[in-house]
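Please read the structure below before turning to the comments.
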Amino acid sequence: MKSNRELKENLTAYLFLLPWIIGFILFTGGPIVYAFILGFMKWDLVSKPIFVGLENFKNLLTNNQSFYNSLKVTLIYTLFAVIFTNIWALFLAILLNQKIKLIGVFQFFYFIPAVLPTVALAFVFQIMLDKEVGVVNYLLSLIGITNGPNWLMDSKWVIPTLIALSIYTYSSGQMMLIYNAALKEVPKELYEAFEIDGGNSFQRFIHVTLPSISPIILFNLVVSTIAILNNSFTFIYPLTGGGPNEVTNVLSLDIYRNAFQLFRMGYAAAEGVILFIIVALLTLAQFVLSKKWVYYESEG
């Protein structure tokens, strides 16, 4: 009787999960598997796919300056964007933990970028940063800088500009809320004990707060790395289109260009496989390195 009841409960649970499982297979798992298979094909969306083995990967990895440029830009942008978005999100979370009036209003405004479509944000930034009519250069003109930079079309400025703008993307708002919740869970006894020992506010932050929230820092680092690598297309493409001179041509943009402009679907799929491997390796590296700095309360 007990085994029949357990079987019925398990079947009920799987029935509730079935819509998600079907959706995952159709819209996530299936396309991932198909992309891996397509990486070994030559296909232009019109003719029949032709199996070419490792030719796409060979073309990618040998004598391909464009691919290595995209890889370099991707890694540089991801590294600094992850660092700055996490620092910004933690900074905002610290502000939200201050005992001041109307803190909920500040949290609302801080979180607004997280609920706006990335493409819409990108177009707003494009207008704000326009060399001729943008509000940023107008504000600079008020303090005597009359010839402001061409923020999105100058190869010297475009990468720092994109990194700075990344703090207003979806990841920052989500991470801010997570950091905010983590800060509220730090035991007050640890702060009191540290103050008795004579520690100042900065020392308390370094030696108490950061170790206490280190698992959350790891979580946000992993999530933001994956999000920035996978979602950079929707942010960078409306702003720069990969220019100027492919300075911002990250891998996701290069995949789009090869797939839907040059119709090299097999080649683009191979790039997607490479991007998948990069995401997996970076995530694994973060977990391995976390053993040296992440503190778990259960470890004592």
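The chains in the structure tokens are called A, B, ... from first to last as shown; in each chain the residues are counted from 1, and the ligands are counted from 1 in the order shown.
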Exercise: Leu218 of chain A partners within 9 Å, only C-alpha atoms, chain neighbours under 3 positions left out, as an MDAnalysis selection string: chainID A and resid 213:215 221:223 286:287 290 294
Dump as a CSV table (one decimal), in the first residue's frame, selection limited to N, CA and C atoms:
chain,number,residue,atom,x,y,z
A,213,ILE,N,29.3,36.8,3.5
A,213,ILE,CA,28.4,36.8,2.2
A,213,ILE,C,29.2,36.1,1.1
A,214,SER,N,30.4,35.6,1.3
A,214,SER,CA,31.2,35.0,0.2
A,214,SER,C,30.5,34.0,-0.6
A,215,PRO,N,29.6,33.1,0.0
A,215,PRO,CA,28.9,32.2,-0.9
A,215,PRO,C,28.0,32.9,-1.9
A,221,LEU,N,28.8,36.0,-9.0
A,221,LEU,CA,29.9,35.9,-10.0
A,221,LEU,C,29.6,34.9,-11.1
A,222,VAL,N,29.2,33.7,-10.7
A,222,VAL,CA,28.9,32.7,-11.7
A,222,VAL,C,27.7,33.1,-12.6
A,223,VAL,N,26.7,33.6,-11.9
A,223,VAL,CA,25.5,33.9,-12.7
A,223,VAL,C,25.7,35.1,-13.6
A,286,GLN,N,35.8,29.2,-11.6
A,286,GLN,CA,35.3,29.9,-10.5
A,286,GLN,C,35.0,29.0,-9.3
A,287,PHE,N,34.4,27.9,-9.5
A,287,PHE,CA,34.1,27.0,-8.4
A,287,PHE,C,35.4,26.4,-7.8
A,290,SER,N,37.1,29.1,-5.8
A,290,SER,CA,36.3,29.5,-4.7
A,290,SER,C,36.7,28.8,-3.4
A,294,VAL,N,35.9,31.3,-0.4
A,294,VAL,CA,34.5,31.2,0.1
A,294,VAL,C,34.4,30.5,1.4
Selection: 12 Å around segment 133-146 of chain A, only C-alpha atoms, excl. self and same-chain fewer than 6 positions, as an mmCIF file with N, CA and C atoms, in the first residue's frame:
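Ended up saving to selection-v2.cif:
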data_model
loop_
_atom_site.group_PDB
_atom_site.id
_atom_site.type_symbol
_atom_site.label_atom_id
_atom_site.label_comp_id
_atom_site.auth_asym_id
_atom_site.auth_seq_id
_atom_site.Cartn_x
_atom_site.Cartn_y
_atom_site.Cartn_z
ATOM 1 N N PHE A 123 19.028 51.547 -26.616
ATOM 2 C CA PHE A 123 18.666 52.677 -27.479
ATOM 3 C C PHE A 123 18.650 53.998 -26.698
ATOM 4 N N VAL A 124 18.249 53.946 -25.431
ATOM 5 C CA VAL A 124 18.296 55.148 -24.589
ATOM 6 C C VAL A 124 19.738 55.610 -24.427
ATOM 7 N N PHE A 125 20.636 54.651 -24.128
ATOM 8 C CA PHE A 125 22.051 54.995 -23.970
ATOM 9 C C PHE A 125 22.643 55.517 -25.281
ATOM 10 N N GLN A 126 22.184 54.970 -26.394
ATOM 11 C CA GLN A 126 22.683 55.418 -27.692
ATOM 12 C C GLN A 126 22.376 56.893 -27.917
ATOM 13 N N ILE A 127 21.182 57.304 -27.534
ATOM 14 C CA ILE A 127 20.807 58.711 -27.677
ATOM 15 C C ILE A 127 21.583 59.580 -26.690
ATOM 16 N N LEU A 152 30.629 55.862 -28.516
ATOM 17 C CA LEU A 152 30.314 54.546 -29.079
ATOM 18 C C LEU A 152 30.984 54.265 -30.418
ATOM 19 N N THR A 161 33.254 52.416 -22.255
ATOM 20 C CA THR A 161 31.872 52.886 -22.184
ATOM 21 C C THR A 161 30.906 51.727 -22.000
#
Atom pair atom CA of Asn69 of chain A / atom CA of Val250 of chain A: separation (Å):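 The value is 8.3 Å.
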Residue nearest Ser155 of chain A among A:Arg264, A:Lys58, A:Gly243, A:Tyr256 (counting only C-alpha atoms):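 Once distances to Ser155 of chain A are computed over only C-alpha atoms, the minimum belongs to A:Gly243.
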Neighbour list for segment 23-35 of chain A as a PDB file with all heavy atoms, in the first residue's frame, cut-off 8 Å, only C-alpha atoms, skip fewer than 2 positions in-chain:
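Printed below is around.pdb as written:
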ATOM      1  N   PRO A  19       5.144  19.974 -18.045  1.00  0.00           N
ATOM      2  CA  PRO A  19       5.180  21.154 -18.938  1.00  0.00           C
ATOM      3  C   PRO A  19       6.568  21.788 -19.012  1.00  0.00           C
ATOM      4  O   PRO A  19       7.005  22.198 -20.094  1.00  0.00           O
ATOM      5  CB  PRO A  19       4.151  22.104 -18.301  1.00  0.00           C
ATOM      6  CG  PRO A  19       3.228  21.211 -17.558  1.00  0.00           C
ATOM      7  CD  PRO A  19       4.086  20.100 -17.033  1.00  0.00           C
ATOM      8  N   TRP A  20       7.246  21.894 -17.867  1.00  0.00           N
ATOM      9  CA  TRP A  20       8.590  22.471 -17.872  1.00  0.00           C
ATOM     10  C   TRP A  20       9.555  21.577 -18.635  1.00  0.00           C
ATOM     11  O   TRP A  20      10.393  22.076 -19.411  1.00  0.00           O
ATOM     12  CB  TRP A  20       9.094  22.655 -16.443  1.00  0.00           C
ATOM     13  CG  TRP A  20      10.472  23.251 -16.398  1.00  0.00           C
ATOM     14  CD1 TRP A  20      10.800  24.571 -16.382  1.00  0.00           C
ATOM     15  CD2 TRP A  20      11.713  22.529 -16.393  1.00  0.00           C
ATOM     16  NE1 TRP A  20      12.178  24.732 -16.368  1.00  0.00           N
ATOM     17  CE2 TRP A  20      12.762  23.503 -16.370  1.00  0.00           C
ATOM     18  CE3 TRP A  20      12.055  21.180 -16.404  1.00  0.00           C
ATOM     19  CZ2 TRP A  20      14.100  23.147 -16.367  1.00  0.00           C
ATOM     20  CZ3 TRP A  20      13.399  20.823 -16.395  1.00  0.00           C
ATOM     21  CH2 TRP A  20      14.396  21.800 -16.374  1.00  0.00           C
ATOM     22  N   ILE A  21       9.459  20.250 -18.421  1.00  0.00           N
ATOM     23  CA  ILE A  21      10.349  19.307 -19.106  1.00  0.00           C
ATOM     24  C   ILE A  21      10.165  19.401 -20.618  1.00  0.00           C
ATOM     25  O   ILE A  21      11.139  19.442 -21.383  1.00  0.00           O
ATOM     26  CB  ILE A  21      10.103  17.868 -18.606  1.00  0.00           C
ATOM     27  CG1 ILE A  21      10.502  17.740 -17.129  1.00  0.00           C
ATOM     28  CG2 ILE A  21      10.884  16.868 -19.455  1.00  0.00           C
ATOM     29  CD1 ILE A  21      10.119  16.408 -16.513  1.00  0.00           C
ATOM     30  N   ILE A  37      25.379  19.293 -33.173  1.00  0.00           N
ATOM     31  CA  ILE A  37      25.374  18.492 -34.405  1.00  0.00           C
ATOM     32  C   ILE A  37      25.643  19.371 -35.621  1.00  0.00           C
ATOM     33  O   ILE A  37      26.435  19.020 -36.508  1.00  0.00           O
ATOM     34  CB  ILE A  37      24.019  17.765 -34.562  1.00  0.00           C
ATOM     35  CG1 ILE A  37      23.816  16.772 -33.411  1.00  0.00           C
ATOM     36  CG2 ILE A  37      23.939  17.052 -35.914  1.00  0.00           C
ATOM     37  CD1 ILE A  37      22.435  16.147 -33.378  1.00  0.00           C
ATOM     38  N   LEU A  38      25.010  20.553 -35.646  1.00  0.00           N
ATOM     39  CA  LEU A  38      25.161  21.465 -36.780  1.00  0.00           C
ATOM     40  C   LEU A  38      26.590  21.982 -36.915  1.00  0.00           C
ATOM     41  O   LEU A  38      27.024  22.351 -38.013  1.00  0.00           O
ATOM     42  CB  LEU A  38      24.199  22.646 -36.621  1.00  0.00           C
ATOM     43  CG  LEU A  38      23.971  23.535 -37.857  1.00  0.00           C
ATOM     44  CD1 LEU A  38      23.424  22.698 -39.016  1.00  0.00           C
ATOM     45  CD2 LEU A  38      23.006  24.658 -37.516  1.00  0.00           C
ATOM     46  N   GLY A  39      27.335  21.986 -35.795  1.00  0.00           N
ATOM     47  CA  GLY A  39      28.730  22.416 -35.843  1.00  0.00           C
ATOM     48  C   GLY A  39      29.594  21.540 -36.735  1.00  0.00           C
ATOM     49  O   GLY A  39      30.683  21.964 -37.158  1.00  0.00           O
ATOM     50  N   ALA A 269      27.368  27.665 -35.683  1.00  0.00           N
ATOM     51  CA  ALA A 269      27.095  26.669 -34.650  1.00  0.00           C
ATOM     52  C   ALA A 269      28.389  26.235 -33.959  1.00  0.00           C
ATOM     53  O   ALA A 269      28.419  26.018 -32.741  1.00  0.00           O
ATOM     54  CB  ALA A 269      26.381  25.466 -35.256  1.00  0.00           C
ATOM     55  N   ALA A 270      29.463  26.100 -34.733  1.00  0.00           N
ATOM     56  CA  ALA A 270      30.761  25.749 -34.150  1.00  0.00           C
ATOM     57  C   ALA A 270      31.231  26.842 -33.188  1.00  0.00           C
ATOM     58  O   ALA A 270      31.780  26.560 -32.119  1.00  0.00           O
ATOM     59  CB  ALA A 270      31.790  25.538 -35.257  1.00  0.00           C
ATOM     60  N   GLY A 272      29.216  28.740 -31.527  1.00  0.00           N
ATOM     61  CA  GLY A 272      28.356  28.565 -30.365  1.00  0.00           C
ATOM     62  C   GLY A 272      28.863  27.477 -29.437  1.00  0.00           C
ATOM     63  O   GLY A 272      28.796  27.604 -28.215  1.00  0.00           O
ATOM     64  N   VAL A 273      29.374  26.395 -30.019  1.00  0.00           N
ATOM     65  CA  VAL A 273      29.960  25.318 -29.214  1.00  0.00           C
ATOM     66  C   VAL A 273      31.183  25.830 -28.452  1.00  0.00           C
ATOM     67  O   VAL A 273      31.361  25.540 -27.262  1.00  0.00           O
ATOM     68  CB  VAL A 273      30.343  24.122 -30.107  1.00  0.00           C
ATOM     69  CG1 VAL A 273      31.131  23.081 -29.316  1.00  0.00           C
ATOM     70  CG2 VAL A 273      29.090  23.489 -30.714  1.00  0.00           C
TER      71      VAL A 273
END
Nearest residue to Lys156 of chain A from the set A:Thr248, A:Ile112, A:Gly241, A:Phe84 (distances using only C-alpha atoms): A:Thr248
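Ranking A:Val115, A:Met176, A:Met128, A:Leu281 by their shortest atom-to-atom distance to Thr85 of chain A, with only C-alpha atoms included, puts A:Met176 first.
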Expected answer as number ranges by chain: helix (DSSP H, G or I) residues in segment 152-299 of chain A: A: 158-168, 170-184, 188-196, 201-212, 214-240, 251-260, 265-290, 297-299
Minimum-distance residue to Ile178 of chain A, chosen among A:Trp151, A:Ala93, A:Val279, A:Gln203 (using only C-alpha atoms): A:Ala93
Shortest interatomic distance to Arg257 of chain A - which of A:Ser70, A:Leu282, A:Leu96, A:Ile216, counting only C-alpha atoms: A:Ser70
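Across the structure, atom CA of Lys99 of chain A and atom CA of Glu185 of chain A are spaced 15.7 Å apart.
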Residues within 12 Å of Met153 of chain A, only C-alpha atoms, excluding chain neighbours under 3 positions, as a PyMOL selection string: chain A and resi 126+129-131+149-150+156-162+239-248
Shell around Ile228 of chain A at 10 Å using only C-alpha atoms, local window under 3 positions removed, as a PyMOL selection string: chain A and resi 74+77-79+81-82+166+169-171+223-225+231-233+235
d(atom CA of Asn147 of chain A, atom CA of Leu165 of chain A) in Å: 21.2 Å
Do a neighbour search on Gly53 of chain A at 9 Å with only C-alpha atoms, toss out local chain neighbours closer than 3 positions, and write the hits as a tab-separated table (two decimals) with all heavy atoms, in the first residue's frame.
chain	number	residue	atom	x	y	z
A	39	GLY	N	27.34	21.99	-35.80
A	39	GLY	CA	28.73	22.42	-35.84
A	39	GLY	C	29.59	21.54	-36.74
A	39	GLY	O	30.68	21.96	-37.16
A	40	PHE	N	29.12	20.35	-37.04
A	40	PHE	CA	29.86	19.44	-37.91
A	40	PHE	C	29.30	19.43	-39.34
A	40	PHE	O	29.65	18.56	-40.13
A	40	PHE	CB	29.82	18.01	-37.34
A	40	PHE	CG	30.45	17.89	-35.98
A	40	PHE	CD1	29.66	17.94	-34.84
A	40	PHE	CD2	31.81	17.73	-35.85
A	40	PHE	CE1	30.23	17.84	-33.58
A	40	PHE	CE2	32.40	17.63	-34.59
A	40	PHE	CZ	31.61	17.69	-33.46
A	41	MET	N	28.43	20.39	-39.62
A	41	MET	CA	27.78	20.46	-40.93
A	41	MET	C	28.16	21.75	-41.66
A	41	MET	O	28.59	22.73	-41.05
A	41	MET	CB	26.25	20.42	-40.77
A	41	MET	CG	25.72	19.21	-40.03
A	41	MET	SD	25.80	17.70	-41.02
A	41	MET	CE	24.99	16.54	-39.90
A	56	ASN	N	34.70	23.00	-39.70
A	56	ASN	CA	34.30	24.29	-39.13
A	56	ASN	C	35.18	24.69	-37.96
A	56	ASN	O	35.58	25.85	-37.83
A	56	ASN	CB	32.83	24.24	-38.68
A	56	ASN	CG	31.87	24.19	-39.85
A	56	ASN	OD1	32.09	24.82	-40.88
A	56	ASN	ND2	30.80	23.43	-39.70
A	57	PHE	N	35.48	23.73	-37.09
A	57	PHE	CA	36.33	24.02	-35.94
A	57	PHE	C	37.77	24.30	-36.37
A	57	PHE	O	38.44	25.16	-35.78
A	57	PHE	CB	36.29	22.84	-34.95
A	57	PHE	CG	34.94	22.61	-34.35
A	57	PHE	CD1	34.06	21.70	-34.90
A	57	PHE	CD2	34.54	23.32	-33.23
A	57	PHE	CE1	32.81	21.49	-34.35
A	57	PHE	CE2	33.29	23.12	-32.66
A	57	PHE	CZ	32.42	22.21	-33.24
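For the choices A:Met175, A:Ile217, A:Ala182, A:Ala164, the atom-to-atom distance to Trp293 of chain A is smallest for A:Ile217 when using only C-alpha atoms.
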Strand (DSSP E) positions in segment 1-207 of chain A, given as a list in words: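 Residues of segment 1-207 of chain A classed as strand (DSSP E): Met41, Lys42, Ile50 and Phe51 of chain A.
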